Amino acid sequence: MMKRWLCAMLALGIALALLVPAMPALAEASDAGEGAAAEDVQADAEAGAEAALAEGVDAAEDDGHEAASPEDSADGGDAQPEQADETDAAEEAEEVRLPLTGVKIGIDPGHQAHGNNEKEAVAPGSKEKKAKVTSGTAGVSTRIPEYVTVLEISLKLREALEAQGAEVYMTRETHDVNLSNQERAKMMNELGVDLVLRIHCDGAEKRSKNGIALYCSRSNSIAEESYRAAEVILPRVCEATGAKENGIISNDNYTGQNWSEVPCLMVECGFLSNPDEDVKLNDEDYQWKLAAGLTYGIMDYIAARDAQE
Ligand SMILES: [Zn+2]
């Protein structure tokens, strides 16, 4: 009997001796498993806590609005969620508020691949007619057509304006369009933009002629406001480019300005008939300078306009 019991004890001892060295390994394995699981749980918990927090905030806000009884507001406790709401809204507004936020700008890149010689009235009610749209001039050195150069400048101008928060509308984004100057003006009238810039390049017989000029209408309802915009924009664009200031010209010669019901300027960015200016006007860096200068000018004009209102 005793011998059998000893045998059992011995067997148990052997079994234990075999098991014990295996135990740390088991423990490690289990730790590793638990550790990984714990991390997962922690991650889940964090996500959950965030979600709960977000829900809590929402719930608190909802509660704040729902529990807005006179007794509750007396202790001031409910004023806090309201204040938090206002702060959030203010911060959000500040985040998106750029100098041209809420401002609509129209860009009309002059001309198109093929001119249209059909005629249209140069102004509302006028018997004088001009070609619907011409194909423009071309670079004396580069041979690049004006409609190509002005679209490149216009697309950069759009980017620069959008970076300042403006809502930008283009009359064309490709060369292959058939849009008369009257149609372009009406497009912008319908959109009710704050200002239209008609982007062109100049040409002259005298090769030495160079510099930037702005044109606006003289007699229609937007003449005065357009001139005010030109006065602010011209120095800025000449400053940014180093181009010569050729002044502001008011006349009733241009269909695009005559049909406009919103402030409208034609920007003659420089002379493609001048060998050096032609090269500049077709240079990416110079085009960015033009876009930046026009954008700064527009920002100043809008600021001045809004300060007057
Ligand atoms: Zn032109």
# chains A, B, ... in the order shown; residues from 1 in each chain; ligands from 1
>>> residues_around(residues="Glu284 of chain A", least_positions_apart="4", cutoff="9 Å", atoms="only C-alpha atoms", output="list in words")
Glu152, Ile153, Lys280, Trp288 and Lys289 of chain A
>>> write_last_selection(atoms="C-alpha atoms", output="CSV table (one decimal), in the first residue's frame")
chain,number,residue,atom,x,y,z
A,152,GLU,CA,-2.0,80.9,-69.9
A,153,ILE,CA,-2.0,84.2,-67.9
A,280,LYS,CA,8.4,88.0,-71.1
A,288,TRP,CA,2.8,84.4,-62.4
A,289,LYS,CA,4.0,88.0,-61.6
>>> residues_near_ligand(ligand="ligand 1", cutoff="12 Å", atoms="only C-alpha atoms and all ligand atoms", output="number ranges by chain")
A: 108-112, 115, 133-139, 145-151, 181, 198-204, 215, 254, 256, 266-272
>>> residues_around(residues="Thr295 of chain A", least_positions_apart="2", cutoff="10 Å", atoms="only C-alpha atoms", output="PyMOL selection string")
chain A and resi 100+157-164+166+233+236-237+289-293+297-301
>>> closest_residue(among="A:Ser154, A:Thr142, A:Ser250, A:Gln308", to="Asp276 of chain A", atoms="only C-alpha atoms")
A:Thr142
>>> closest_residue(among="A:Lys244, A:Ile107, A:Val140, A:Ser221", to="Glu173 of chain A", atoms="only C-alpha atoms")
A:Ile107
>>> residues_around(residues="Glu224 of chain A", least_positions_apart="4", cutoff="12 Å", atoms="only C-alpha atoms", output="short mmCIF file (atom, residue, chain, number, x, y, z; two decimals) with C-alpha atoms, in the first residue's frame")
data_model
loop_
_atom_site.label_atom_id
_atom_site.label_comp_id
_atom_site.auth_asym_id
_atom_site.auth_seq_id
_atom_site.Cartn_x
_atom_site.Cartn_y
_atom_site.Cartn_z
CA CYS A 216 -12.75 100.67 -69.22
CA SER A 217 -16.00 101.99 -70.64
CA ARG A 218 -16.74 105.72 -70.46
CA SER A 219 -20.51 106.13 -70.68
CA ASN A 220 -22.39 103.11 -69.35
CA ARG A 228 -12.13 103.11 -59.54
CA ALA A 229 -11.04 99.46 -59.79
CA ALA A 230 -8.51 100.32 -62.50
CA GLU A 231 -6.94 103.06 -60.38
CA SER A 250 -11.80 105.22 -70.81
CA ASN A 251 -13.71 104.92 -74.08
CA GLU A 261 -23.43 95.43 -66.32
CA VAL A 262 -20.77 94.58 -63.74
CA PRO A 263 -17.47 96.48 -63.22
CA CYS A 264 -15.23 95.45 -66.07
CA LEU A 265 -11.66 96.11 -67.15
#
>>> atom_distance(atom1="atom CA of Gly211 of chain A", atom2="atom CA of Ala303 of chain A")
26.2 Å
>>> atom_distance(atom1="atom CA of His175 of chain A", atom2="atom CA of Ala113 of chain A")
5.0 Å
>>> select_by_dssp(residues="segment 259-295 of chain A", states="strand (DSSP E)", output="NGL selection string")
:A and (264-271)
>>> write_last_selection(atoms="N, CA and C atoms", output="PDB file, in the first residue's frame")
ATOM      1  N   CYS A 264     -15.938  96.213 -65.053  1.00  0.00           N
ATOM      2  CA  CYS A 264     -15.235  95.446 -66.073  1.00  0.00           C
ATOM      3  C   CYS A 264     -14.018  96.204 -66.589  1.00  0.00           C
ATOM      4  N   LEU A 265     -12.890  95.510 -66.649  1.00  0.00           N
ATOM      5  CA  LEU A 265     -11.659  96.114 -67.150  1.00  0.00           C
ATOM      6  C   LEU A 265     -11.058  95.238 -68.222  1.00  0.00           C
ATOM      7  N   MET A 266     -10.480  95.866 -69.239  1.00  0.00           N
ATOM      8  CA  MET A 266      -9.657  95.116 -70.171  1.00  0.00           C
ATOM      9  C   MET A 266      -8.209  95.362 -69.765  1.00  0.00           C
ATOM     10  N   VAL A 267      -7.490  94.284 -69.526  1.00  0.00           N
ATOM     11  CA  VAL A 267      -6.086  94.384 -69.131  1.00  0.00           C
ATOM     12  C   VAL A 267      -5.232  94.102 -70.359  1.00  0.00           C
ATOM     13  N   GLU A 268      -4.526  95.127 -70.823  1.00  0.00           N
ATOM     14  CA  GLU A 268      -3.562  94.912 -71.904  1.00  0.00           C
ATOM     15  C   GLU A 268      -2.237  94.640 -71.209  1.00  0.00           C
ATOM     16  N   CYS A 269      -1.896  93.355 -71.130  1.00  0.00           N
ATOM     17  CA  CYS A 269      -0.777  92.904 -70.274  1.00  0.00           C
ATOM     18  C   CYS A 269       0.595  93.320 -70.780  1.00  0.00           C
ATOM     19  N   GLY A 270       0.678  93.749 -72.015  1.00  0.00           N
ATOM     20  CA  GLY A 270       1.963  94.120 -72.585  1.00  0.00           C
ATOM     21  C   GLY A 270       1.891  93.991 -74.101  1.00  0.00           C
ATOM     22  N   PHE A 271       2.999  94.368 -74.765  1.00  0.00           N
ATOM     23  CA  PHE A 271       3.003  94.398 -76.237  1.00  0.00           C
ATOM     24  C   PHE A 271       3.699  93.177 -76.822  1.00  0.00           C
TER      25      PHE A 271
END
>>> atom_distance(atom1="atom CA of Pro235 of chain A", atom2="atom CA of Met187 of chain A")
28.4 Å
